[in-house]
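Undergrad: One structure follows; several queries about it will come next.
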Amino acid sequence: MSLTDNQLMLLLKDTLQIDHVDIESELFSSGMLDSVSMVNLIAFIEEKAGVQVRAEDVTLENFDTPSRIARFVEASA
């Protein structure tokens, strides 16, 4: 399984209702995502990409921008 940039952006915009987001938007640093949204994001990633996200993986380095999330998923697949 894989996760496309388009699927990720649709989740952020449509499901998590984050406006004005692009591939380099800082999701946590800017306050766009909260902890509840993050749980939904992780569940989506695990389901769509078939990767397990461990607690120690959830860092700004891996999850602050959609492009970082995509790189993390690609590296974990």
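Labeling convention for the structure tokens: chains A, B, ... as they appear, residues from 1 per chain, ligands from 1 in order of appearance.
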Show which residues sit within 8 Å of Val21 (chain A), as a PyMOL selection string. Count only C-alpha atoms, and ignore same-chain residues fewer than 3 positions away.
TA: chain A and resi 9+12-13+18+24-25
Undergrad: Please give the complete set of residues from chain A that DSSP, run on the backbone, assigns to helix (DSSP H, G or I), formatted as a ChimeraX atom specification.
TA: /A:5-15,35-49,55-57,60-63,66-76
Undergrad: Compile the contact shell of region 54-61 of chain A as an MDAnalysis selection string: residues with an atom at most 10 Å away, counting only C-alpha atoms, same-chain residues fewer than 3 positions apart removed.
TA: chainID A and resid 26:29 38 42 51 64:65 68:69 72
Undergrad: Keeping only all heavy atoms, write those residues as a compact mmCIF listing (two decimals), in the first residue's frame.
TA:
```txt
# COMPACT_ATOMS: atom_id res chain seq x y z
N GLU A 26 3.58 24.17 7.90
CA GLU A 26 3.92 23.64 9.23
C GLU A 26 2.63 23.38 9.99
O GLU A 26 1.91 24.31 10.35
CB GLU A 26 4.81 24.62 9.97
CG GLU A 26 6.17 24.78 9.32
CD GLU A 26 7.05 25.78 10.03
OE1 GLU A 26 6.52 26.66 10.76
OE2 GLU A 26 8.27 25.68 9.85
N LEU A 27 2.34 22.13 10.21
CA LEU A 27 1.06 21.74 10.79
C LEU A 27 1.00 21.92 12.30
O LEU A 27 0.05 22.48 12.82
CB LEU A 27 0.76 20.29 10.42
CG LEU A 27 0.72 20.00 8.91
CD1 LEU A 27 0.60 18.50 8.66
CD2 LEU A 27 -0.41 20.75 8.25
N PHE A 28 2.02 21.47 13.01
CA PHE A 28 2.05 21.61 14.47
C PHE A 28 2.66 22.92 14.90
O PHE A 28 2.15 23.59 15.79
CB PHE A 28 2.80 20.45 15.13
CG PHE A 28 1.92 19.27 15.42
CD1 PHE A 28 2.01 18.14 14.64
CD2 PHE A 28 0.99 19.31 16.42
CE1 PHE A 28 1.20 17.06 14.87
CE2 PHE A 28 0.17 18.24 16.68
CZ PHE A 28 0.27 17.11 15.90
N SER A 29 3.76 23.27 14.30
CA SER A 29 4.46 24.51 14.69
C SER A 29 3.55 25.73 14.57
O SER A 29 3.67 26.66 15.34
CB SER A 29 5.70 24.72 13.83
OG SER A 29 6.61 23.66 14.01
N MET A 38 -4.07 14.78 15.19
CA MET A 38 -2.90 13.94 14.97
C MET A 38 -3.25 12.47 15.08
O MET A 38 -2.78 11.65 14.30
CB MET A 38 -1.79 14.31 15.95
CG MET A 38 -0.51 13.61 15.66
SD MET A 38 0.06 14.03 14.01
CE MET A 38 1.66 13.32 14.04
N ILE A 42 -2.63 9.85 12.08
CA ILE A 42 -1.85 8.62 12.24
C ILE A 42 -2.68 7.40 11.84
O ILE A 42 -2.19 6.51 11.14
CB ILE A 42 -1.32 8.49 13.68
CG1 ILE A 42 -0.24 9.55 13.93
CG2 ILE A 42 -0.78 7.08 13.95
CD1 ILE A 42 0.18 9.68 15.38
N VAL A 51 1.66 1.13 7.21
CA VAL A 51 2.84 1.23 8.08
C VAL A 51 2.38 1.47 9.51
O VAL A 51 1.33 2.04 9.75
CB VAL A 51 3.80 2.37 7.65
CG1 VAL A 51 4.32 2.14 6.25
CG2 VAL A 51 3.15 3.73 7.76
N ASP A 64 5.76 17.45 10.94
CA ASP A 64 5.36 18.86 10.99
C ASP A 64 4.81 19.38 9.67
O ASP A 64 3.98 20.28 9.67
CB ASP A 64 6.51 19.76 11.46
CG ASP A 64 6.01 21.11 11.95
OD1 ASP A 64 4.88 21.18 12.48
OD2 ASP A 64 6.74 22.10 11.80
N THR A 65 5.22 18.82 8.54
CA THR A 65 4.70 19.27 7.25
C THR A 65 4.22 18.06 6.45
O THR A 65 4.68 16.93 6.68
CB THR A 65 5.77 20.00 6.41
OG1 THR A 65 6.78 19.07 6.03
CG2 THR A 65 6.40 21.16 7.18
N ARG A 68 7.14 16.20 4.97
CA ARG A 68 7.85 15.37 5.94
C ARG A 68 7.09 14.08 6.23
O ARG A 68 7.67 13.02 6.38
CB ARG A 68 8.09 16.13 7.25
CG ARG A 68 9.11 17.23 7.12
CD ARG A 68 9.29 17.94 8.43
NE ARG A 68 10.15 19.10 8.27
CZ ARG A 68 10.48 19.92 9.25
NH1 ARG A 68 10.03 19.70 10.48
NH2 ARG A 68 11.26 20.95 9.03
N ILE A 69 5.76 14.20 6.29
CA ILE A 69 4.93 13.01 6.50
C ILE A 69 5.11 12.04 5.34
O ILE A 69 5.30 10.84 5.54
CB ILE A 69 3.45 13.40 6.68
CG1 ILE A 69 3.26 14.22 7.96
CG2 ILE A 69 2.56 12.15 6.68
CD1 ILE A 69 1.90 14.88 8.07
N PHE A 72 8.44 10.34 5.59
CA PHE A 72 8.40 9.34 6.66
C PHE A 72 7.70 8.07 6.19
O PHE A 72 8.19 6.97 6.39
CB PHE A 72 7.70 9.91 7.90
CG PHE A 72 7.37 8.85 8.92
CD1 PHE A 72 8.36 8.36 9.75
CD2 PHE A 72 6.09 8.32 9.01
CE1 PHE A 72 8.08 7.36 10.68
CE2 PHE A 72 5.80 7.33 9.92
CZ PHE A 72 6.79 6.84 10.76
```
Undergrad: Between CA of Ser2 (chain A) and CA of Ala49 (chain A), what is the spacing in Å?
TA: 4.3 Å
Undergrad: Please indicate the distance in Å from CA of Gln52 (chain A) to CA of Asp19 (chain A), rounded to one decimal place.
TA: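 Separation of CA of Gln52 (chain A) and CA of Asp19 (chain A): 27.3 Å.
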Undergrad: In Å, rounded to a single decimal, give me how far CA of Ala77 (chain A) is from CA of His20 (chain A).
TA: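 Going from CA of His20 (chain A) over to CA of Ala77 (chain A), I get 28.4 Å.
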